[in-house]
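Text of query_35.txt, listed as compact mmCIF, C-alpha atoms:
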```
# COMPACT_ATOMS: atom_id res chain seq x y z
CA MET A 275 -0.36 -5.49 11.37
CA SER A 276 -3.30 -3.27 10.50
CA GLN A 277 -2.86 0.41 11.35
CA LEU A 278 -6.43 1.48 10.68
CA LEU A 279 -6.92 2.68 14.26
CA ARG A 280 -4.12 5.16 13.60
CA THR A 281 -4.68 6.02 9.94
CA ARG A 282 -8.43 5.90 9.35
CA PRO A 283 -9.41 8.79 11.68
CA ALA A 284 -7.19 11.11 9.61
CA THR A 285 -8.33 10.07 6.11
CA THR A 286 -11.03 8.34 4.06
CA ASP A 287 -11.67 4.76 3.02
CA GLY A 288 -11.49 5.79 -0.61
CA MET A 289 -8.00 7.28 -0.35
CA LEU A 290 -6.75 4.35 1.71
CA ALA A 291 -7.86 2.07 -1.13
CA VAL A 292 -5.92 4.13 -3.69
CA PHE A 293 -2.65 3.52 -1.86
CA ASP A 294 -3.21 0.06 -0.38
CA ASP A 295 -1.20 -3.05 -1.24
CA GLY A 296 -3.80 -4.31 -3.68
CA ALA A 297 -3.72 -1.11 -5.70
CA THR A 298 0.08 -1.05 -5.70
CA LEU A 299 0.23 -4.60 -7.05
CA ARG A 300 -2.48 -3.89 -9.61
CA HIS A 301 -0.50 -1.00 -11.08
CA ALA A 302 2.77 -2.94 -11.04
CA LEU A 303 1.21 -5.86 -12.90
CA ALA A 304 -0.48 -3.51 -15.35
CA PHE A 305 2.92 -2.01 -16.13
CA GLU A 306 4.39 -5.41 -17.02
CA ALA A 307 1.35 -6.42 -19.06
CA GLU A 308 1.19 -3.20 -21.05
CA LEU A 309 4.96 -3.14 -21.55
CA ALA A 310 4.82 -6.62 -23.07
CA ARG A 311 1.95 -5.63 -25.37
CA ALA A 312 3.75 -2.45 -26.45
CA GLU A 313 6.96 -4.31 -27.22
CA ALA A 314 5.11 -7.03 -29.11
CA ALA A 315 3.41 -4.36 -31.22
CA GLU A 316 6.88 -3.06 -32.14
CA GLY A 317 8.21 -6.54 -32.92
CA LEU A 318 10.60 -6.63 -29.97
CA ILE A 319 9.03 -9.72 -28.40
CA GLY A 320 6.60 -12.30 -29.74
CA SER A 321 2.85 -11.69 -29.62
CA ALA A 322 2.24 -15.06 -28.02
CA GLU A 323 4.75 -14.31 -25.27
CA ALA A 324 3.17 -10.90 -24.70
CA GLU A 325 -0.29 -12.36 -24.28
CA THR A 326 1.04 -15.04 -21.94
CA ILE A 327 2.63 -12.32 -19.81
CA ALA A 328 -0.52 -10.20 -19.85
CA ARG A 329 -2.71 -13.17 -18.95
CA LEU A 330 -0.50 -14.07 -16.00
CA CYS A 331 -0.47 -10.46 -14.79
CA GLY A 332 -4.25 -10.50 -14.82
CA ASP A 333 -4.62 -13.83 -13.04
CA ILE A 334 -1.76 -14.18 -10.58
CA ILE A 335 -2.49 -13.96 -6.86
CA ILE A 336 0.34 -12.63 -4.73
CA ASP A 337 0.45 -12.40 -0.94
CA PRO A 338 1.39 -8.76 -0.25
CA ALA A 339 2.99 -9.62 3.10
CA ALA A 340 5.31 -12.19 1.56
CA LEU A 341 6.21 -9.91 -1.32
CA ALA A 342 6.86 -7.04 1.10
CA ALA A 343 9.32 -9.17 3.05
CA GLU A 344 11.12 -10.06 -0.16
CA ALA A 345 11.15 -6.43 -1.28
CA ALA A 346 12.65 -5.38 2.05
CA LEU A 347 15.52 -7.77 1.41
CA ALA A 348 15.95 -6.92 -2.27
CA GLY A 349 15.65 -3.16 -1.82
CA THR A 350 12.88 -2.74 -4.37
CA LEU A 351 9.46 -4.19 -5.14
CA ALA A 352 10.35 -4.92 -8.76
CA ILE A 353 13.04 -7.54 -8.08
CA PRO A 354 10.89 -10.11 -6.24
CA LEU A 355 7.83 -9.30 -8.37
CA VAL A 356 9.64 -9.95 -11.65
CA ALA A 357 11.24 -13.07 -10.19
CA ARG A 358 7.82 -14.45 -9.21
CA LEU A 359 6.39 -13.72 -12.64
CA ARG A 360 9.33 -15.31 -14.46
CA LYS A 361 9.03 -18.41 -12.31
CA ALA A 362 5.40 -18.78 -13.38
CA LEU A 363 6.06 -18.21 -17.11
CA PRO A 364 7.27 -20.49 -19.91
CA GLU A 365 10.93 -19.91 -20.79
CA ALA A 366 10.36 -17.71 -23.85
CA ALA A 367 7.86 -15.46 -22.08
CA ALA A 368 10.08 -15.29 -18.99
CA LYS A 369 12.93 -13.95 -21.11
CA ALA A 370 10.62 -11.41 -22.76
CA LEU A 371 9.21 -10.10 -19.47
CA HIS A 372 10.41 -6.67 -18.27
CA LYS A 373 12.49 -6.11 -21.41
CA GLY A 374 14.24 -2.72 -21.34
CA ALA A 375 12.68 -1.72 -18.01
CA THR A 376 14.09 -1.22 -14.54
CA SER A 377 12.82 -1.14 -10.98
CA GLN A 378 12.41 2.62 -10.84
CA ASP A 379 10.23 2.55 -13.94
CA ILE A 380 7.76 0.36 -12.07
CA ALA A 381 7.96 2.40 -8.86
CA ASP A 382 7.40 5.71 -10.61
CA VAL A 383 4.56 4.38 -12.77
CA ILE A 384 2.81 2.97 -9.71
CA LEU A 385 3.16 6.35 -8.00
CA ALA A 386 1.96 8.28 -11.06
CA CYS A 387 -1.15 6.10 -11.36
CA GLN A 388 -1.94 6.42 -7.67
CA ILE A 389 -1.42 10.19 -7.78
CA ARG A 390 -3.96 10.52 -10.57
CA GLU A 391 -6.52 8.29 -8.85
CA GLY A 392 -5.98 10.07 -5.55
CA HIS A 393 -6.29 13.47 -7.16
CA ALA A 394 -9.64 12.56 -8.68
CA LEU A 395 -11.02 11.73 -5.22
CA LEU A 396 -9.53 14.81 -3.63
CA ALA A 397 -10.71 17.15 -6.38
CA ALA A 398 -14.30 16.05 -5.82
CA ASP A 399 -14.24 17.02 -2.14
CA LEU A 400 -12.45 20.29 -2.86
CA ALA A 401 -15.18 21.10 -5.39
CA ARG A 402 -17.83 20.39 -2.72
CA ILE A 403 -16.14 22.90 -0.45
CA GLU A 404 -15.91 25.54 -3.17
CA THR A 405 -19.60 25.19 -4.05
CA ALA A 406 -20.83 25.30 -0.47
CA LEU A 407 -18.65 28.24 0.52
CA ALA A 408 -19.61 30.27 -2.54
CA ALA A 409 -23.29 29.98 -1.60
CA LEU A 410 -22.61 30.96 2.01
CA ALA A 411 -20.40 33.88 1.01
CA ARG A 412 -23.10 35.36 -1.24
CA ARG A 413 -25.82 34.77 1.38
CA HIS A 414 -23.86 36.68 4.03
CA ALA A 415 -22.00 39.19 1.87
CA ALA A 416 -23.90 42.12 3.41
CA THR A 417 -24.14 40.75 6.96
CA PRO A 418 -22.18 43.22 9.12
CA ALA A 419 -19.70 41.48 11.42
CA ILE A 420 -16.66 42.46 13.40
CA GLY A 421 -13.41 41.80 11.60
CA ARG A 422 -10.45 40.64 13.65
CA THR A 423 -6.74 41.19 13.13
CA LEU A 424 -4.02 39.80 15.40
CA LEU A 425 -6.89 38.10 17.28
CA GLN A 426 -8.32 41.48 18.31
CA ASP A 427 -11.41 43.38 17.18
CA ALA A 428 -10.53 45.46 14.11
CA LEU A 429 -13.15 47.01 11.79
CA PRO A 430 -16.52 45.76 10.51
CA ILE A 431 -16.58 43.45 7.48
CA GLY A 432 -19.26 41.60 5.59
CA PHE A 433 -19.34 38.14 7.21
CA GLY A 434 -19.49 36.65 3.72
CA LEU A 435 -16.16 38.26 2.83
CA ARG A 436 -14.39 36.05 5.35
CA ILE A 437 -16.08 33.01 3.79
CA ALA A 438 -15.23 34.19 0.27
CA GLN A 439 -11.57 34.33 1.28
CA TRP A 440 -11.79 30.72 2.42
CA GLN A 441 -13.42 29.79 -0.86
CA ALA A 442 -10.84 31.57 -3.01
CA ASN A 443 -8.05 30.01 -0.99
CA VAL A 444 -9.35 26.48 -1.57
CA ALA A 445 -10.13 27.16 -5.24
CA ASP A 446 -6.61 28.46 -5.89
CA ALA A 447 -5.10 25.44 -4.15
CA ALA A 448 -7.25 23.04 -6.15
CA LYS A 449 -6.15 24.64 -9.42
CA ARG A 450 -2.50 24.55 -8.42
CA LEU A 451 -2.74 20.88 -7.47
CA GLY A 452 -4.48 19.98 -10.73
CA HIS A 453 -1.75 21.69 -12.74
CA GLU A 454 1.03 19.93 -10.84
CA VAL A 455 -0.61 16.52 -11.17
CA GLU A 456 -1.13 16.96 -14.90
CA ALA A 457 2.50 17.98 -15.39
CA GLY A 458 4.18 15.59 -12.97
CA ALA A 459 2.18 12.34 -12.81
CA VAL A 460 3.37 11.00 -16.16
CA LEU A 461 4.94 7.87 -17.63
CA GLN A 462 8.43 6.93 -16.48
CA PHE A 463 10.16 4.52 -18.85
CA GLY A 464 13.91 4.89 -19.18
CA GLY A 465 15.47 1.54 -18.38
CA ALA A 466 18.61 0.90 -16.40
CA ALA A 467 20.30 4.28 -16.93
CA GLY A 468 17.54 6.30 -18.53
CA THR A 469 18.68 5.65 -22.11
CA ARG A 470 16.03 3.13 -23.21
CA SER A 471 18.80 0.79 -24.30
CA GLY A 472 18.19 -2.67 -25.69
CA LEU A 473 15.05 -1.67 -27.59
CA ALA A 474 16.47 -1.54 -31.12
CA GLY A 475 15.90 2.19 -31.34
CA LYS A 476 12.17 1.77 -30.71
CA GLY A 477 12.11 3.07 -27.14
CA ALA A 478 10.10 6.16 -28.01
CA THR A 479 7.35 4.24 -29.79
CA VAL A 480 7.25 1.61 -27.03
CA ALA A 481 6.91 4.41 -24.48
CA ALA A 482 4.05 5.98 -26.44
CA ARG A 483 2.20 2.67 -26.57
CA LEU A 484 2.91 1.97 -22.90
CA ALA A 485 1.64 5.41 -21.87
CA ALA A 486 -1.58 4.87 -23.82
CA GLY A 487 -2.08 1.43 -22.30
CA LEU A 488 -1.64 2.79 -18.78
CA ASP A 489 -3.69 5.94 -19.48
CA LEU A 490 -0.77 8.17 -18.51
CA PRO A 491 0.67 11.15 -20.40
CA ASN A 492 3.82 10.18 -22.28
CA ALA A 493 7.10 11.78 -21.23
CA ALA A 494 10.84 11.55 -21.59
CA PRO A 495 12.55 9.64 -18.77
CA TRP A 496 12.58 11.66 -15.55
CA GLN A 497 14.06 9.23 -13.05
CA ALA A 498 16.65 11.78 -11.88
CA ARG A 499 14.41 14.86 -12.22
CA ARG A 500 12.15 14.85 -9.17
CA GLY A 501 10.77 18.34 -9.48
CA GLY A 502 7.41 17.08 -10.71
CA ILE A 503 6.91 14.93 -7.63
CA ALA A 504 8.12 17.76 -5.38
CA GLY A 505 5.64 20.09 -7.07
CA ILE A 506 2.76 17.71 -6.41
CA ALA A 507 3.82 17.29 -2.79
CA SER A 508 4.09 21.04 -2.31
CA ALA A 509 0.69 21.63 -3.91
CA LEU A 510 -0.86 19.01 -1.63
CA ALA A 511 0.62 20.71 1.42
CA ILE A 512 -0.65 24.09 0.25
CA ALA A 513 -4.14 22.64 -0.21
CA ILE A 514 -3.98 21.13 3.27
CA GLY A 515 -2.83 24.46 4.66
CA CYS A 516 -5.70 26.30 2.96
CA LEU A 517 -8.16 23.85 4.47
CA GLY A 518 -6.43 24.43 7.79
CA LYS A 519 -6.94 28.18 7.45
CA MET A 520 -10.68 27.64 7.12
CA ALA A 521 -10.62 25.18 10.01
CA ARG A 522 -8.72 27.61 12.22
CA ASP A 523 -11.26 30.36 11.59
CA VAL A 524 -14.30 28.13 12.10
CA SER A 525 -12.89 26.78 15.36
CA LEU A 526 -12.25 30.33 16.61
CA LEU A 527 -15.74 31.43 15.61
CA ALA A 528 -17.18 28.41 17.42
CA GLN A 529 -15.71 29.35 20.80
CA ASN A 530 -18.37 29.79 23.47
CA SER A 531 -17.42 33.43 23.93
CA VAL A 532 -17.83 34.14 20.20
CA GLY A 533 -20.48 31.71 18.92
CA GLU A 534 -20.76 33.15 15.40
CA ALA A 535 -20.43 29.86 13.53
CA ARG A 536 -20.11 26.19 14.35
CA GLU A 537 -19.80 22.84 12.67
CA PRO A 538 -23.02 21.01 11.81
CA ALA A 539 -24.37 18.72 14.51
CA VAL A 540 -23.67 15.14 13.42
CA PRO A 541 -24.70 12.22 15.66
CA GLY A 542 -21.64 10.68 17.28
CA ARG A 543 -19.29 13.48 16.23
CA GLY A 544 -17.73 16.21 18.33
CA GLY A 545 -18.64 14.92 21.77
CA SER A 546 -16.45 14.52 24.80
CA SER A 547 -15.74 11.32 26.74
CA ALA A 548 -15.79 13.29 30.00
CA MET A 549 -17.95 16.40 29.39
CA ALA A 550 -21.38 15.74 27.93
CA HIS A 551 -22.10 19.43 27.37
CA LYS A 552 -19.28 19.93 24.86
CA ARG A 553 -19.64 20.21 21.08
CA ASN A 554 -16.11 20.02 19.77
CA PRO A 555 -15.09 21.17 16.26
CA THR A 556 -13.90 17.71 15.24
CA GLY A 557 -13.84 18.36 11.49
CA CYS A 558 -11.59 21.36 12.09
CA GLN A 559 -9.43 19.17 14.30
CA VAL A 560 -8.85 16.74 11.42
CA ALA A 561 -7.85 19.53 9.04
CA LEU A 562 -5.61 21.31 11.53
CA SER A 563 -3.85 18.08 12.47
CA ALA A 564 -3.17 17.45 8.78
CA ALA A 565 -1.84 21.00 8.39
CA LEU A 566 0.63 20.39 11.22
CA ARG A 567 1.92 17.15 9.70
CA ALA A 568 2.14 18.14 6.03
CA PRO A 569 5.13 20.53 6.04
CA GLY A 570 7.53 17.93 7.42
CA LEU A 571 6.51 15.41 4.77
CA VAL A 572 7.11 17.93 2.00
CA ALA A 573 10.47 18.90 3.47
CA GLY A 574 11.65 15.31 3.15
CA ILE A 575 10.67 15.20 -0.53
CA LEU A 576 12.33 18.54 -1.24
CA ALA A 577 15.50 17.27 0.43
CA GLY A 578 15.72 14.53 -2.20
CA LEU A 579 15.84 16.91 -5.17
CA PRO A 580 19.66 16.90 -5.43
CA ALA A 581 19.57 13.35 -6.82
CA GLU A 582 22.85 11.66 -7.68
CA GLU A 583 23.62 11.40 -11.41
CA GLU A 584 21.37 9.07 -13.44
CA ARG A 585 19.49 7.58 -10.49
CA GLY A 586 19.65 8.71 -6.89
CA LEU A 587 20.18 6.76 -3.71
CA GLY A 588 17.58 7.22 -0.99
CA GLY A 589 15.85 10.34 -2.30
CA TRP A 590 13.25 8.99 -4.68
CA GLN A 591 12.79 5.93 -2.49
CA ALA A 592 11.54 8.26 0.26
CA GLU A 593 8.94 9.93 -1.96
CA GLY A 594 6.31 7.21 -2.25
CA PRO A 595 5.51 6.80 1.46
CA ALA A 596 5.59 10.56 2.08
CA LEU A 597 3.41 11.36 -0.92
CA ALA A 598 0.92 8.66 0.01
CA GLU A 599 0.66 10.12 3.51
CA LEU A 600 0.13 13.61 2.08
CA PHE A 601 -2.74 12.32 -0.05
CA LEU A 602 -4.24 10.53 2.95
CA LEU A 603 -4.05 13.68 5.06
CA ALA A 604 -5.42 15.86 2.27
CA ALA A 605 -8.34 13.49 1.75
CA GLY A 606 -9.22 13.47 5.43
CA ALA A 607 -9.00 17.25 5.68
CA ALA A 608 -11.01 17.83 2.51
CA GLU A 609 -13.78 15.39 3.43
CA ALA A 610 -14.02 16.84 6.93
CA MET A 611 -14.16 20.44 5.74
CA ALA A 612 -16.62 19.60 2.96
CA THR A 613 -18.98 18.34 5.65
CA VAL A 614 -18.35 21.52 7.65
CA ALA A 615 -18.88 23.80 4.66
CA GLU A 616 -22.10 22.10 3.59
CA GLY A 617 -23.63 22.27 7.06
CA LEU A 618 -21.98 25.31 8.64
CA GLU A 619 -24.29 26.89 11.20
CA ILE A 620 -24.06 30.69 11.21
CA ASP A 621 -25.59 32.57 14.16
CA GLU A 622 -26.54 36.03 12.90
CA ALA A 623 -27.70 37.09 16.37
CA ALA A 624 -24.28 36.33 17.81
CA ILE A 625 -22.61 38.15 14.92
CA ALA A 626 -24.76 41.24 15.60
CA ARG A 627 -24.16 41.04 19.34
CA ASN A 628 -20.38 40.88 18.95
CA LEU A 629 -20.42 43.76 16.45
CA ALA A 630 -22.46 45.90 18.81
CA ALA A 631 -20.15 45.10 21.71
CA ALA A 632 -17.16 46.26 19.67
CA ALA A 633 -18.87 49.67 19.21
CA LEU A 634 -17.08 50.27 15.91
CA GLY A 635 -20.10 51.01 13.74
CA GLY A 636 -21.44 49.04 10.80
CA ASP A 637 -19.55 50.30 7.74
CA ILE A 638 -18.41 47.14 5.91
CA GLY A 639 -16.72 49.05 3.12
CA GLU A 640 -16.75 47.30 -0.24
CA SER A 641 -17.27 43.84 1.22
CA GLU A 642 -20.14 42.90 -1.10
CA ALA A 643 -18.21 43.83 -4.24
CA LEU A 644 -15.11 42.03 -2.97
CA VAL A 645 -17.11 38.86 -2.38
CA GLU A 646 -18.19 38.83 -6.01
CA ALA A 647 -14.67 39.66 -7.19
CA LEU A 648 -13.17 36.82 -5.17
CA LEU A 649 -15.77 34.30 -6.29
CA GLY A 650 -15.41 35.44 -9.88
CA ASP A 651 -11.62 35.05 -9.74
CA ALA A 652 -11.99 31.58 -8.20
CA GLY A 653 -14.32 30.56 -11.02
CA ARG A 654 -11.78 31.34 -13.73
```
Once you've parsed the file, please lay out its structure as structure tokens.
Amino acid sequence: MSQLLRTRPATTDGMLAVFDDGATLRHALAFEAELARAEAAEGLIGSAEAETIARLCGDIIIDPAALAAEAALAGTLAIPLVARLRKALPEAAAKALHKGATSQDIADVILACQIREGHALLAADLARIETALAALARRHAATPAIGRTLLQDALPIGFGLRIAQWQANVADAAKRLGHEVEAGAVLQFGGAAGTRSGLAGKGATVAARLAAGLDLPNAAPWQARRGGIAGIASALAIAIGCLGKMARDVSLLAQNSVGEAREPAVPGRGGSSAMAHKRNPTGCQVALSAALRAPGLVAGILAGLPAEEERGLGGWQAEGPALAELFLLAAGAAEAMATVAEGLEIDEAAIARNLAAAALGGDIGESEALVEALLGDAGR
């Protein structure tokens, strides 16, 4: 059953493709193909068998629905996938397939590959936001506006300072996420108990070749150390929250009684099914909805950190779906707020009117200097 009517409004087509069934199978088959090539290069299996395995992995067509049903019964994707491959291989190649590997190796490699592909998409939209907001912040650095604390009029600020805070927030989140992805989305290859047994002492060199073939950083087995995944999940939630902060402010500024800023007018977006006069902040809605959903997803991943001994039961199995959903939400929020940032309409007359009504003067302090300091910090 397709769930696009539920999922697509909250994300992007590109991120859906990163985590769809086809991508999952592609990464799983790449793991088996590259593992066979790596082991053949180390003399652990025959070269002919390795090429037969690799060729099958490149050519085989698998019905995701049928495989999913088998995986639900088996408890893991790897068991029915390996069984299907072995059934289609000559005897010698079937015996060589999956040598020294285990189901969690495949699951974690699939996730690591999808994390890196998803991060590349997300980073591009976060960069769009940073660029657009930096330009707006500088343009309005000296525009006097009323600042608000606890939802009440406070003291004057430069309108661009508020925007510079959004920009710095997103830039910091993007850096944090990039660091966590680089450190945590790495090769997992440990075998049944994380010892790389059955590889004639060549596990380290096989892992190095496998990592290179999959274009992943090499690493020691981490099947029971889930901090890297938890760090990525947390960084995603922080990024979503930072986008939500910007969305919250824009939606408040867009209220009819304030009118200082509003989302760009896009045909077909932001209307009402019952009130033709309305112009709803729909991009902000996407980001704020994501910000509400993200913390619960991260909490579930954090709860799995106390994994049992060499491989946990239930914890790491919960990570993939939750992390995929976090990436989907982050992509939807980032794309929506990139569109908002690039087309944000700022009403200087309304800003001046609200400042005058507050009757608190026009001293914006060191707002202009702080804008440059924030943008400079974000650029480093």
Could the residues of segment 480-524 of chain A that have an atom at most 6 Å from segment 446-464 of chain A be listed as CSV, each with its closest atom pair and the distance in Å to one decimal, counting all atoms listed in the file and ordered by chain and ascending residue number?
```
residue,atom,partner,partner_atom,distance
A:Ala485,CA,A:Leu461,CA,5.9
A:Leu490,CA,A:Val460,CA,5.5
A:Pro491,CA,A:Val460,CA,5.0
A:Asn492,CA,A:Leu461,CA,5.3
A:Ala493,CA,A:Leu461,CA,5.7
A:Pro495,CA,A:Gly464,CA,5.0
A:Gly502,CA,A:Gly458,CA,4.2
A:Gly505,CA,A:Glu454,CA,6.0
A:Ile506,CA,A:Glu454,CA,5.2
A:Ala509,CA,A:Leu451,CA,5.0
A:Ala513,CA,A:Ala447,CA,4.9
```
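The nearest approach to Leu510 of chain A among the residues A:Leu600, A:Ala615, A:Leu527, A:Leu347, with all atoms listed in the file taken into account, belongs to A:Leu600.
For the residues A:Ala474, A:Ile512, A:Ala312, A:Ile503, ranking by smallest atom-to-atom distance to His372 of chain A using all atoms listed in the file places A:Ala312 first.
Between atom CA of Val480 of chain A and atom CA of Ala366 of chain A there is a distance of 19.8 Å.
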Contacts of Arg522 of chain A within 10 Å, all atoms listed in the file, excl. fewer than 4 positions in-chain, as a PyMOL selection string: chain A and resi 516-518+526-528+555+558-559+561-562
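Proximity ranking of A:Leu587, A:Leu351, A:Val444, A:Leu303 relative to Gly332 of chain A places A:Leu303 first, based on only C-alpha atoms.
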Report as a Markdown table: every residue of segment 387-499 of chain A with an atom at most 6 Å from segment 637-654 of chain A, its closest pair of atoms, and their distance in Å to one decimal, counting all atoms listed in the file, with rows sorted by chain and ascending residue number.
```
| residue | atom | partner | partner_atom | distance |
| --- | --- | --- | --- | --- |
| A:Ala415 | CA | A:Glu642 | CA | 5.1 |
| A:Ala416 | CA | A:Glu642 | CA | 5.9 |
| A:Pro430 | CA | A:Ile638 | CA | 5.2 |
| A:Ile431 | CA | A:Ile638 | CA | 4.4 |
| A:Gly432 | CA | A:Ser641 | CA | 5.3 |
| A:Leu435 | CA | A:Val645 | CA | 5.3 |
| A:Ala438 | CA | A:Val645 | CA | 5.7 |
| A:Ala442 | CA | A:Ala652 | CA | 5.3 |
| A:Ala445 | CA | A:Ala652 | CA | 5.6 |
```
Among listed residues A:Phe433, A:Phe293, A:Trp440, A:Phe305, nearest Thr376 of chain A (using only C-alpha atoms): A:Phe305
Please report, as AutoDock Vina command-line options, the centre and edge lengths in Å to one decimal of an axis-aligned box covering all listed atoms of segment 500-508 of chain A with 6 Å per side.
```
--center_x 7.5 --center_y 17.9 --center_z -6.5 --size_x 21.4 --size_y 18.2 --size_z 20.4
```
Residues within 12 Å of Ala631 of chain A, only C-alpha atoms, excluding chain neighbours under 4 positions, as an NGL selection string: :A and (419-420 or 427 or 430 or 532 or 624-627 or 635-636)
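Shortest separation to Gln529 of chain A among A:Lys476, A:Arg567, A:Arg553, A:Arg390 occurs at residue A:Arg553, atoms counted being only C-alpha atoms.
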Give me, please, the distance in Å between atom CA of Arg436 of chain A and atom CA of Leu407 of chain A, quoted to one decimal. 10.1 Å
Can you tell me, as an mmCIF file with C-alpha atoms, in the frame of the given file, what residues are no more than 7 Å from Val614 of chain A when counting only C-alpha atoms, ignoring any on the same chain fewer than 5 positions away?
```cif
data_model
loop_
_atom_site.group_PDB
_atom_site.id
_atom_site.type_symbol
_atom_site.label_atom_id
_atom_site.label_comp_id
_atom_site.auth_asym_id
_atom_site.auth_seq_id
_atom_site.Cartn_x
_atom_site.Cartn_y
_atom_site.Cartn_z
ATOM 1 C CA GLU A 537 -19.800 22.840 12.670
ATOM 2 C CA PRO A 538 -23.020 21.010 11.810
ATOM 3 C CA GLY A 557 -13.840 18.360 11.490
#
```
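Comparing the minimum interatomic distances between Pro595 of chain A and each of A:Ala507, A:Leu395, A:Ala348, A:Ala564, counting only C-alpha atoms, we find that A:Ala507 sits nearest.
Between atom CA of Leu363 of chain A and atom CA of Thr479 of chain A lies a distance of 25.8 Å.
Close to (4.3, -12.6, -17.0), meaning no more than 9 Å away when counting all atoms listed in the file, sit the residues Leu303, Glu306, Ala307, Ala310, Glu323, Ala324, Glu325, Thr326, Ile327, Ala328, Arg329, Leu330, Cys331, Ile334, Val356, Arg358, Leu359, Arg360, Lys361, Ala362, Leu363, Pro364, Ala367, Ala368, Ala370, Leu371 and His372 of chain A.
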